[in-house]
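The file model-v6.tsv contains TSV, C-alpha atoms (C1' of nucleotides):
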chain	number	residue	atom	x	y	z
A	25	MET	CA	-22.39	17.16	-10.75
A	26	GLU	CA	-25.08	15.25	-8.96
A	27	SER	CA	-25.07	11.49	-9.31
A	28	LYS	CA	-28.22	10.33	-10.97
A	29	ALA	CA	-28.45	6.84	-9.51
A	30	PRO	CA	-27.56	7.05	-5.85
A	31	VAL	CA	-29.82	4.17	-4.85
A	32	LEU	CA	-28.19	1.59	-7.03
A	33	ILE	CA	-24.75	2.81	-6.13
A	34	ASN	CA	-25.46	1.84	-2.56
A	35	ALA	CA	-27.17	-1.44	-3.37
A	36	VAL	CA	-26.10	-4.35	-1.20
A	37	PRO	CA	-26.33	-7.78	-2.81
A	38	PRO	CA	-28.08	-10.63	-0.96
A	39	TYR	CA	-25.94	-13.16	0.82
A	40	GLY	CA	-23.99	-15.38	-1.55
A	41	HIS	CA	-24.42	-12.89	-4.38
A	42	VAL	CA	-22.27	-10.32	-6.07
A	43	ILE	CA	-23.48	-7.34	-8.02
A	44	ALA	CA	-21.26	-6.96	-11.05
A	45	SER	CA	-21.07	-4.22	-13.61
A	46	GLU	CA	-22.45	-5.27	-16.98
A	47	LYS	CA	-19.10	-4.94	-18.64
A	48	TRP	CA	-17.86	-7.97	-16.75
A	49	ARG	CA	-20.38	-10.30	-18.39
A	50	ASN	CA	-18.62	-13.16	-20.18
A	51	THR	CA	-15.29	-12.61	-18.50
A	52	SER	CA	-13.20	-15.33	-16.97
A	53	LEU	CA	-13.52	-13.68	-13.58
A	54	ILE	CA	-17.29	-14.08	-13.67
A	55	GLN	CA	-17.00	-17.66	-14.90
A	56	HIS	CA	-14.71	-18.47	-11.99
A	57	LEU	CA	-17.09	-16.82	-9.55
A	58	LYS	CA	-19.95	-18.95	-10.83
A	59	GLY	CA	-17.72	-21.98	-10.58
A	60	GLY	CA	-17.10	-21.06	-6.97
A	61	GLY	CA	-20.80	-21.01	-6.26
A	62	VAL	CA	-21.23	-17.25	-6.25
A	63	LYS	CA	-24.44	-15.89	-7.75
A	64	ILE	CA	-24.07	-12.91	-10.05
A	65	ILE	CA	-26.42	-10.00	-10.47
A	66	PHE	CA	-25.51	-7.80	-13.41
A	67	GLU	CA	-26.17	-4.10	-13.19
A	68	ASN	CA	-25.19	-1.23	-15.42
A	69	GLU	CA	-25.71	1.62	-13.01
A	70	LEU	CA	-23.08	0.64	-10.52
A	71	GLY	CA	-21.16	3.85	-10.95
A	72	VAL	CA	-17.43	3.56	-11.13
A	73	SER	CA	-17.11	0.42	-9.08
A	74	ASP	CA	-16.96	-3.00	-10.67
A	75	PHE	CA	-18.43	-5.17	-7.92
A	76	HIS	CA	-20.54	-4.90	-4.83
A	77	LEU	CA	-20.18	-7.54	-2.15
A	78	PRO	CA	-22.65	-8.60	0.54
A	79	ASN	CA	-20.38	-7.51	3.35
A	80	LYS	CA	-20.78	-3.90	2.26
A	81	SER	CA	-17.53	-3.69	0.39
A	82	CYS	CA	-17.11	-2.67	-3.19
A	83	ILE	CA	-14.32	-3.30	-5.63
A	84	LEU	CA	-12.61	-1.31	-8.33
A	85	TYR	CA	-10.54	-3.53	-10.59
A	86	ILE	CA	-7.38	-2.14	-12.12
A	87	SER	CA	-6.10	-4.44	-14.85
A	88	GLU	CA	-2.58	-4.61	-16.19
A	89	CYS	CA	-3.90	-2.92	-19.32
A	90	ASP	CA	-5.18	0.00	-17.27
A	91	ILE	CA	-1.81	0.32	-15.64
A	92	ILE	CA	0.30	0.06	-18.75
A	93	ALA	CA	-2.00	2.22	-20.84
A	94	GLY	CA	-1.22	4.92	-18.34
A	95	ASN	CA	-2.99	7.73	-16.70
A	96	SER	CA	-6.72	7.12	-17.00
A	97	TYR	CA	-6.79	4.68	-14.12
A	98	LYS	CA	-5.93	7.51	-11.77
A	99	ARG	CA	-9.03	9.44	-12.77
A	100	LYS	CA	-11.09	6.34	-12.23
A	101	LEU	CA	-9.60	5.86	-8.80
A	102	VAL	CA	-10.32	9.44	-7.81
A	103	ARG	CA	-13.93	9.18	-8.94
A	104	TYR	CA	-14.19	5.88	-7.13
A	105	ARG	CA	-13.04	7.47	-3.93
A	106	ASN	CA	-15.14	10.59	-4.33
A	107	ALA	CA	-18.26	8.54	-4.91
A	108	GLY	CA	-18.35	8.47	-1.14
A	109	SER	CA	-20.33	5.30	-0.82
A	110	SER	CA	-20.94	3.80	2.57
A	111	PHE	CA	-19.07	0.72	1.40
A	112	GLN	CA	-15.62	-0.40	2.31
A	113	GLU	CA	-13.81	0.62	-0.86
A	114	LEU	CA	-11.33	-1.96	-2.06
A	115	VAL	CA	-9.03	-1.71	-5.02
A	116	LEU	CA	-7.86	-4.87	-6.76
A	117	VAL	CA	-4.72	-4.31	-8.78
A	118	GLU	CA	-3.22	-6.76	-11.22
A	119	ASN	CA	0.43	-7.25	-10.44
A	120	THR	CA	1.80	-9.16	-13.40
A	121	ARG	CA	5.02	-9.51	-15.30
A	122	LEU	CA	3.87	-6.71	-17.54
A	123	SER	CA	2.61	-4.35	-14.88
A	124	GLU	CA	5.07	-5.01	-12.07
A	125	GLN	CA	7.38	-2.17	-13.01
A	126	TYR	CA	4.52	0.26	-12.48
A	127	PHE	CA	3.04	-1.48	-9.50
A	128	SER	CA	4.74	0.49	-6.78
A	129	ALA	CA	3.61	3.73	-8.38
A	130	VAL	CA	0.05	2.46	-8.33
A	131	GLN	CA	0.49	1.34	-4.75
A	132	LYS	CA	1.78	4.72	-3.79
A	133	PHE	CA	-1.14	6.47	-5.42
A	134	VAL	CA	-3.84	4.20	-4.04
A	135	LEU	CA	-2.53	4.06	-0.50
A	136	PHE	CA	-0.77	7.33	0.10
A	137	ASP	CA	-2.68	9.75	-2.05
A	138	LEU	CA	-6.13	8.19	-1.85
A	139	GLY	CA	-6.01	6.22	1.40
A	140	LEU	CA	-7.81	3.25	-0.12
A	141	THR	CA	-7.20	-0.40	0.58
A	142	LEU	CA	-5.21	-2.17	-2.11
A	143	LEU	CA	-5.26	-5.88	-2.79
A	144	PRO	CA	-2.75	-7.19	-5.33
A	145	VAL	CA	-3.85	-10.06	-7.54
A	146	SER	CA	-2.05	-11.97	-10.26
A	147	GLY	CA	-5.07	-11.90	-12.54
A	148	GLN	CA	-8.79	-12.53	-12.83
A	149	THR	CA	-8.52	-16.04	-11.48
A	150	GLU	CA	-6.95	-14.97	-8.24
A	151	ALA	CA	-9.35	-12.06	-8.03
A	152	SER	CA	-12.27	-14.44	-8.30
A	153	GLN	CA	-10.86	-16.58	-5.51
A	154	LEU	CA	-10.50	-13.52	-3.34
A	155	ILE	CA	-14.04	-12.38	-4.03
A	156	THR	CA	-15.39	-15.88	-3.47
A	157	GLN	CA	-13.72	-16.00	-0.09
A	158	ILE	CA	-15.21	-12.69	0.95
A	159	VAL	CA	-18.68	-13.61	-0.30
A	160	HIS	CA	-18.71	-16.96	1.44
A	161	GLY	CA	-17.19	-15.46	4.53
A	162	GLU	CA	-14.70	-18.29	4.56
A	163	SER	CA	-12.06	-16.29	6.27
A	164	ARG	CA	-13.19	-15.17	9.69
A	165	GLU	CA	-10.43	-12.66	9.85
A	166	ASN	CA	-11.05	-10.63	6.77
A	167	PRO	CA	-8.40	-7.97	6.79
A	168	PHE	CA	-10.58	-6.05	4.35
A	169	LYS	CA	-13.98	-5.56	5.87
A	170	ARG	CA	-12.26	-4.51	9.02
A	171	ARG	CA	-11.01	-0.98	8.83
A	172	SER	CA	-7.76	-1.94	7.24
A	173	SER	CA	-7.44	1.44	5.59
A	174	SER	CA	-6.98	3.07	8.97
A	175	ARG	CA	-5.59	0.07	10.81
A	176	LEU	CA	-2.45	0.09	8.81
A	177	LEU	CA	-0.71	-2.81	10.39
A	178	ASP	CA	-0.95	-4.85	7.27
A	179	PRO	CA	2.24	-6.07	5.62
A	180	LEU	CA	1.48	-4.32	2.39
A	181	VAL	CA	1.62	-0.88	3.95
A	182	LEU	CA	4.74	-1.79	5.83
A	183	ALA	CA	6.42	-2.86	2.62
A	184	LEU	CA	5.34	0.31	0.90
A	185	VAL	CA	6.64	2.60	3.61
A	186	GLN	CA	9.95	0.83	3.37
A	187	GLN	CA	10.22	1.94	-0.23
A	188	VAL	CA	10.76	5.47	0.96
A	189	PRO	CA	14.48	6.18	0.71
A	190	GLY	CA	16.14	6.11	4.10
A	191	VAL	CA	13.39	4.05	5.64
A	192	GLY	CA	13.94	0.40	6.36
A	193	ARG	CA	12.32	-2.22	8.50
A	194	VAL	CA	12.82	-0.53	11.85
A	195	LYS	CA	11.88	3.00	10.88
A	196	ALA	CA	8.88	1.87	8.88
A	197	LEU	CA	7.59	0.08	11.95
A	198	ALA	CA	8.25	3.06	14.16
A	199	LEU	CA	6.40	5.36	11.77
A	200	LEU	CA	3.39	3.09	11.52
A	201	GLN	CA	3.17	2.85	15.27
A	202	HIS	CA	3.24	6.60	15.65
A	203	PHE	CA	0.79	7.53	12.90
A	204	SER	CA	-2.70	6.12	12.77
A	205	SER	CA	-3.39	6.96	9.17
A	206	ILE	CA	-1.47	7.19	5.95
A	207	HIS	CA	-2.47	10.78	5.46
A	208	GLN	CA	-1.11	11.76	8.84
A	209	LEU	CA	2.16	10.24	7.79
A	210	CYS	CA	2.18	12.04	4.44
A	211	ASN	CA	1.38	15.42	5.92
A	212	ALA	CA	3.55	15.10	8.98
A	213	ALA	CA	5.70	18.07	9.82
A	214	PRO	CA	9.43	17.48	9.45
A	215	ALA	CA	9.90	18.14	13.15
A	216	GLU	CA	7.50	15.39	14.06
A	217	LEU	CA	9.20	12.96	11.73
A	218	GLU	CA	12.54	13.94	13.15
A	219	SER	CA	11.59	12.86	16.64
A	220	ILE	CA	10.88	9.39	15.31
A	221	VAL	CA	13.50	8.63	12.72
A	222	GLY	CA	16.12	11.32	13.19
A	223	GLN	CA	17.04	14.30	11.11
A	224	ALA	CA	18.45	12.75	7.94
A	225	ALA	CA	15.62	10.30	7.37
A	226	ALA	CA	13.01	12.91	8.28
A	227	GLN	CA	14.23	15.12	5.49
A	228	GLN	CA	14.22	12.28	3.01
A	229	ILE	CA	10.69	11.30	3.95
A	230	HIS	CA	9.41	14.84	3.72
A	231	SER	CA	11.00	15.22	0.30
A	232	PHE	CA	9.49	11.98	-0.84
A	233	PHE	CA	5.96	13.16	-0.15
A	234	HIS	CA	6.12	16.85	-0.90
A	235	LYS	CA	8.00	16.29	-4.05
A	236	PRO	CA	7.55	17.56	-7.60
A	237	THR	CA	4.85	15.26	-8.91
A	238	THR	CA	2.96	12.47	-7.31
A	239	ALA	CA	3.07	10.75	-10.64
A	240	ASP	CA	6.37	9.30	-11.62
A	241	ASN	CA	6.18	8.56	-15.29
B	5	DA	C1'	22.28	-14.39	5.77
B	6	DT	C1'	26.17	-11.35	5.67
B	7	DG	C1'	28.92	-7.30	4.80
B	8	DT	C1'	29.54	-2.35	4.21
B	9	DG	C1'	28.81	2.24	4.45
B	10	DT	C1'	25.85	5.85	6.71
B	11	DC	C1'	23.28	7.92	10.49
B	12	DT	C1'	22.17	8.57	15.46
B	13	DA	C1'	23.12	9.07	20.04
B	14	DC	C1'	26.16	9.69	23.64
B	15	DG	C1'	30.55	10.49	26.15
C	13	DC	C1'	34.51	15.75	18.11
C	14	DG	C1'	35.06	10.82	18.20
C	15	DT	C1'	33.24	6.49	18.92
C	16	DA	C1'	29.92	2.60	19.37
C	17	DG	C1'	25.87	0.86	18.06
C	18	DA	C1'	21.73	0.92	14.99
C	19	DC	C1'	20.25	1.11	10.68
C	20	DA	C1'	19.53	0.82	5.37
C	21	DC	C1'	20.77	-1.28	1.51
C	22	DA	C1'	23.37	-4.23	-1.58
C	23	DT	C1'	25.55	-8.68	-1.98

Just give me the structure as C-alpha coordinates.
Amino acid sequence: MESKAPVLINAVPPYGHVIASEKWRNTSLIQHLKGGGVKIIFENELGVSDFHLPNKSCILYISECDIIAGNSYKRKLVRYRNAGSSFQELVLVENTRLSEQYFSAVQKFVLFDLGLTLLPVSGQTEASQLITQIVHGESRENPFKRRSSSRLLDPLVLALVQQVPGVGRVKALALLQHFSSIHQLCNAAPAELESIVGQAAAQQIHSFFHKPTTADN
DNA sequence: ATGTGTCTACG
DNA sequence: CGTAGACACAT
(Lines of atoms letter the chains of each structure in order from A and count residues from 1; the text may use other names and numbers.)
(Lines give C-alpha, C1' and ligand atoms only; values in the text may rest on other atoms or scores of the structure.)
Protein backbone atom coordinates (compact mmCIF):
# COMPACT_ATOMS: atom_id res chain seq x y z
CA MET A 1 0.00 0.00 0.00
CA GLU A 2 1.73 3.10 -1.22
CA SER A 3 0.74 6.39 0.34
CA LYS A 4 -0.71 8.68 -2.23
CA ALA A 5 0.14 12.02 -0.66
CA PRO A 6 3.65 11.80 0.70
CA VAL A 7 4.39 15.47 0.13
CA LEU A 8 1.63 16.80 2.30
CA ILE A 9 2.32 14.25 4.96
CA ASN A 10 5.73 15.79 5.41
CA ALA A 11 4.56 19.38 5.17
CA VAL A 12 6.06 21.70 7.76
CA PRO A 13 3.92 24.68 8.75
CA PRO A 14 5.44 28.17 8.78
CA TYR A 15 6.50 29.62 12.09
CA GLY A 16 3.56 30.46 14.34
CA HIS A 17 1.27 28.16 12.37
CA VAL A 18 -0.19 24.74 12.85
CA ILE A 19 -1.43 22.46 10.13
CA ALA A 20 -4.59 20.80 11.38
CA SER A 21 -6.64 18.03 9.90
CA GLU A 22 -9.96 19.24 8.52
CA LYS A 23 -11.92 17.25 11.04
CA TRP A 24 -10.74 19.57 13.78
CA ARG A 25 -12.45 22.60 12.27
CA ASN A 26 -14.90 24.15 14.74
CA THR A 27 -13.55 22.32 17.75
CA SER A 28 -12.76 23.93 21.05
CA LEU A 29 -9.13 22.97 20.67
CA ILE A 30 -8.84 25.03 17.50
CA GLN A 31 -10.70 27.94 19.08
CA HIS A 32 -8.26 27.90 21.98
CA LEU A 33 -5.32 27.78 19.61
CA LYS A 34 -6.60 30.83 17.77
CA GLY A 35 -7.13 32.53 21.10
CA GLY A 36 -3.52 31.80 21.91
CA GLY A 37 -2.39 33.51 18.74
CA VAL A 38 -1.67 30.38 16.74
CA LYS A 39 -2.54 30.48 13.04
CA ILE A 40 -4.31 27.44 11.66
CA ILE A 41 -3.95 25.90 8.24
CA PHE A 42 -6.54 23.23 7.56
CA GLU A 43 -5.62 20.28 5.42
CA ASN A 44 -7.42 17.07 4.64
CA GLU A 45 -4.51 15.03 3.38
CA LEU A 46 -2.55 14.96 6.58
CA GLY A 47 -2.64 11.20 6.80
CA VAL A 48 -3.29 9.75 10.20
CA SER A 49 -1.87 12.58 12.21
CA ASP A 50 -4.04 15.38 13.53
CA PHE A 51 -1.55 18.25 13.68
CA HIS A 52 1.77 19.28 12.25
CA LEU A 53 3.89 21.73 14.20
CA PRO A 54 6.62 24.07 12.97
CA ASN A 55 9.29 22.35 15.01
CA LYS A 56 8.90 19.23 12.90
CA SER A 57 6.73 17.38 15.34
CA CYS A 58 3.35 15.91 14.61
CA ILE A 59 0.53 14.96 16.91
CA LEU A 60 -1.96 12.15 17.07
CA TYR A 61 -4.79 12.94 19.45
CA ILE A 62 -6.42 10.11 21.35
CA SER A 63 -9.64 11.28 22.99
CA GLU A 64 -11.39 9.70 25.92
CA CYS A 65 -14.00 8.49 23.46
CA ASP A 66 -11.34 6.70 21.44
CA ILE A 67 -10.09 5.04 24.57
CA ILE A 68 -13.42 4.00 25.98
CA ALA A 69 -14.82 2.92 22.64
CA GLY A 70 -12.00 0.43 22.61
CA ASN A 71 -9.70 -1.09 20.13
CA SER A 72 -9.67 1.12 17.05
CA TYR A 73 -7.27 3.61 18.56
CA LYS A 74 -4.58 0.95 18.52
CA ARG A 75 -4.86 0.55 14.77
CA LYS A 76 -4.64 4.29 14.39
CA LEU A 77 -1.53 4.38 16.53
CA VAL A 78 0.14 1.65 14.53
CA ARG A 79 -0.60 3.41 11.25
CA TYR A 80 0.64 6.62 12.78
CA ARG A 81 3.91 5.02 13.69
CA ASN A 82 4.30 3.18 10.41
CA ALA A 83 3.74 6.35 8.44
CA GLY A 84 7.43 6.84 9.08
CA SER A 85 7.43 10.57 8.75
CA SER A 86 10.55 12.52 9.48
CA PHE A 87 8.66 14.28 12.25
CA GLN A 88 8.95 13.80 15.96
CA GLU A 89 5.82 11.75 16.53
CA LEU A 90 3.91 12.78 19.62
CA VAL A 91 0.79 11.21 21.01
CA LEU A 92 -1.59 13.29 23.08
CA VAL A 93 -3.84 11.16 25.25
CA GLU A 94 -6.82 12.40 27.19
CA ASN A 95 -6.57 11.26 30.77
CA THR A 96 -9.95 12.02 32.27
CA ARG A 97 -12.25 10.67 34.92
CA LEU A 98 -13.82 8.48 32.28
CA SER A 99 -10.66 7.24 30.63
CA GLU A 100 -8.32 6.99 33.60
CA GLN A 101 -9.02 3.34 34.24
CA TYR A 102 -7.75 2.55 30.76
CA PHE A 103 -4.96 5.06 30.74
CA SER A 104 -2.16 2.82 31.89
CA ALA A 105 -3.03 0.30 29.20
CA VAL A 106 -2.79 3.05 26.61
CA GLN A 107 0.47 4.21 28.14
CA LYS A 108 1.84 0.73 27.99
CA PHE A 109 0.90 0.34 24.36
CA VAL A 110 2.17 3.72 23.21
CA LEU A 111 5.45 3.61 25.07
CA PHE A 112 6.40 -0.02 25.31
CA ASP A 113 4.93 -1.52 22.18
CA LEU A 114 5.26 1.45 19.85
CA GLY A 115 8.08 3.47 21.40
CA LEU A 116 6.30 6.76 20.82
CA THR A 117 6.28 9.79 23.07
CA LEU A 118 3.11 10.18 25.11
CA LEU A 119 1.81 13.41 26.55
CA PRO A 120 -1.19 13.17 28.86
CA VAL A 121 -3.72 15.98 28.73
CA SER A 122 -6.92 16.57 30.65
CA GLY A 123 -8.79 17.65 27.55
CA GLN A 124 -8.74 19.87 24.48
CA THR A 125 -8.07 22.99 26.49
CA GLU A 126 -4.89 21.66 28.00
CA ALA A 127 -3.90 20.20 24.65
CA SER A 128 -4.25 23.61 23.06
CA GLN A 129 -2.04 25.15 25.73
CA LEU A 130 0.56 22.49 25.12
CA ILE A 131 0.50 23.03 21.38
CA THR A 132 0.60 26.79 21.80
CA GLN A 133 3.69 26.48 23.94
CA ILE A 134 5.46 24.34 21.38
CA VAL A 135 4.48 26.61 18.50
CA HIS A 136 5.60 29.76 20.23
CA GLY A 137 8.70 28.05 21.49
CA GLU A 138 7.96 29.43 24.91
CA SER A 139 9.66 26.64 26.70
CA ARG A 140 13.33 26.51 25.83
CA GLU A 141 13.61 23.05 27.21
CA ASN A 142 11.02 21.22 25.22
CA PRO A 143 11.18 17.66 26.41
CA PHE A 144 9.39 16.71 23.21
CA LYS A 145 11.35 17.98 20.28
CA ARG A 146 14.41 16.59 21.91
CA ARG A 147 14.69 12.88 21.46
CA SER A 148 12.60 12.09 24.45
CA SER A 149 11.53 8.79 22.97
CA SER A 150 15.06 7.48 23.28
CA ARG A 151 16.18 9.69 26.14
CA LEU A 152 13.86 8.04 28.54
CA LEU A 153 14.70 9.97 31.62
CA ASP A 154 11.32 11.57 31.73
CA PRO A 155 9.13 11.02 34.77
CA LEU A 156 6.37 9.49 32.76
CA VAL A 157 8.46 6.55 31.68
CA LEU A 158 9.78 6.13 35.16
CA ALA A 159 6.26 5.98 36.53
CA LEU A 160 5.25 3.49 33.90
CA VAL A 161 8.15 1.15 34.54
CA GLN A 162 7.22 1.19 38.19
CA GLN A 163 3.86 -0.28 37.29
CA VAL A 164 5.57 -3.53 36.45
CA PRO A 165 5.02 -5.88 39.39
CA GLY A 166 8.13 -6.23 41.50
CA VAL A 167 9.60 -3.00 40.24
CA GLY A 168 9.60 0.06 42.44
CA ARG A 169 11.44 3.33 42.53
CA VAL A 170 14.95 1.95 42.85
CA LYS A 171 14.72 -0.85 40.32
CA ALA A 172 12.92 1.31 37.80
CA LEU A 173 15.76 3.79 37.99
CA ALA A 174 18.36 1.08 37.68
CA LEU A 175 16.64 -0.35 34.62
CA LEU A 176 16.35 3.00 32.90
CA GLN A 177 20.00 3.69 33.48
CA HIS A 178 21.01 0.39 31.99
CA PHE A 179 18.77 0.40 28.93
CA SER A 180 18.80 3.22 26.43
CA SER A 181 15.50 2.42 24.81
CA ILE A 182 12.18 1.02 25.82
CA HIS A 183 12.43 -1.75 23.29
CA GLN A 184 15.75 -2.90 24.68
CA LEU A 185 14.08 -3.15 28.04
CA CYS A 186 11.11 -5.09 26.67
CA ASN A 187 13.24 -7.56 24.77
CA ALA A 188 15.92 -7.95 27.37
CA ALA A 189 17.01 -11.48 28.15
CA PRO A 190 16.11 -12.69 31.62
CA ALA A 191 19.78 -13.11 32.43
CA GLU A 192 20.47 -9.49 31.66
CA LEU A 193 17.58 -8.35 33.80
CA GLU A 194 18.75 -10.59 36.58
CA SER A 195 22.09 -8.85 36.83
CA ILE A 196 20.27 -5.60 37.47
CA VAL A 197 17.30 -6.38 39.64
CA GLY A 198 17.92 -9.90 40.88
CA GLN A 199 16.29 -13.17 40.02
CA ALA A 200 12.76 -12.76 41.36
CA ALA A 201 12.11 -9.37 39.82
CA ALA A 202 13.76 -10.39 36.56
CA GLN A 203 11.26 -13.19 36.16
CA GLN A 204 8.35 -10.92 36.93
CA ILE A 205 9.51 -8.36 34.41
CA HIS A 206 10.05 -10.93 31.71
CA SER A 207 6.58 -12.33 32.32
CA PHE A 208 5.08 -8.90 32.19
CA PHE A 209 6.38 -8.27 28.69
CA HIS A 210 6.26 -11.68 27.09
CA LYS A 211 2.86 -12.37 28.42
CA PRO A 212 -0.34 -13.64 26.83
CA THR A 213 -1.70 -10.51 25.21
CA THR A 214 -0.40 -7.03 25.03
CA ALA A 215 -3.97 -5.89 25.27
CA ASP A 216 -5.56 -6.21 28.63
CA ASN A 217 -9.26 -5.84 28.12
C1' DA B 1 5.50 9.29 56.10
C1' DT B 2 5.48 4.82 58.20
C1' DG B 3 5.01 -0.11 58.71
C1' DT B 4 5.22 -4.82 57.01
C1' DG B 5 6.33 -8.53 54.42
C1' DT B 6 9.51 -10.15 50.66
C1' DC B 7 13.86 -10.43 48.18
C1' DT B 8 18.96 -9.98 47.82
C1' DA B 9 23.41 -10.39 49.28
C1' DC B 10 26.69 -11.95 52.34
C1' DG B 11 28.77 -14.41 56.33
C1' DC C 1 21.35 -21.68 56.09
C1' DG C 2 20.53 -17.56 58.72
C1' DT C 3 20.69 -12.83 59.12
C1' DA C 4 20.85 -7.83 57.96
C1' DG C 5 19.74 -4.58 54.90
C1' DA C 6 17.23 -3.07 50.65
C1' DC C 7 13.22 -3.00 48.48
C1' DA C 8 8.06 -2.96 47.01
C1' DC C 9 3.77 -2.06 48.32
C1' DA C 10 -0.05 -0.95 51.33
C1' DT C 11 -1.47 1.96 55.10

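For B:DT10, the non-local neighbours within 12 Å, defined as residues at least 3 positions apart in the same chain or in other chains and counting all atoms listed in the file, are Gly190, Ala224 and Ala225 of chain A; DA18, DC19, DA20 and DC21 of chain C.
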
Report as JSON lines the residues of chain B within 12 Å of chain A, each with its shortest atom pair and distance in Å (one decimal), using all atoms listed in the file, ordered by chain and increasing residue number.
{"residue": "B:DT10", "atom": "C1'", "partner": "A:Gly190", "partner_atom": "CA", "distance": 10.1}
{"residue": "B:DC11", "atom": "C1'", "partner": "A:Ala224", "partner_atom": "CA", "distance": 7.3}
{"residue": "B:DT12", "atom": "C1'", "partner": "A:Gly222", "partner_atom": "CA", "distance": 7.0}
{"residue": "B:DA13", "atom": "C1'", "partner": "A:Gly222", "partner_atom": "CA", "distance": 10.0}

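Pairwise distance (atom CA of A:Ser96, atom CA of A:Glu69) equals 20.2 Å.
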
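From atom CA of A:Phe232 back to atom CA of A:Lys98, the distance works out to 19.4 Å.
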
Return as a PDB file with C-alpha atoms, in the coordinates of the input the residues belonging to chain A that are within 9 Å of chain C, counting all atoms listed in the file.
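Result went into part33.pdb, see below:
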ATOM      1  CA  PRO A 189      14.480   6.180   0.710  1.00  0.00           C
ATOM      2  CA  GLY A 190      16.140   6.110   4.100  1.00  0.00           C
ATOM      3  CA  VAL A 191      13.390   4.050   5.640  1.00  0.00           C
ATOM      4  CA  GLY A 192      13.940   0.400   6.360  1.00  0.00           C
ATOM      5  CA  ARG A 193      12.320  -2.220   8.500  1.00  0.00           C
ATOM      6  CA  VAL A 194      12.820  -0.530  11.850  1.00  0.00           C
ATOM      7  CA  LYS A 195      11.880   3.000  10.880  1.00  0.00           C
TER       8      LYS A 195
END

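Here atom CA of A:Ile158 stands at a distance of 8.5 Å from atom CA of A:Pro78.
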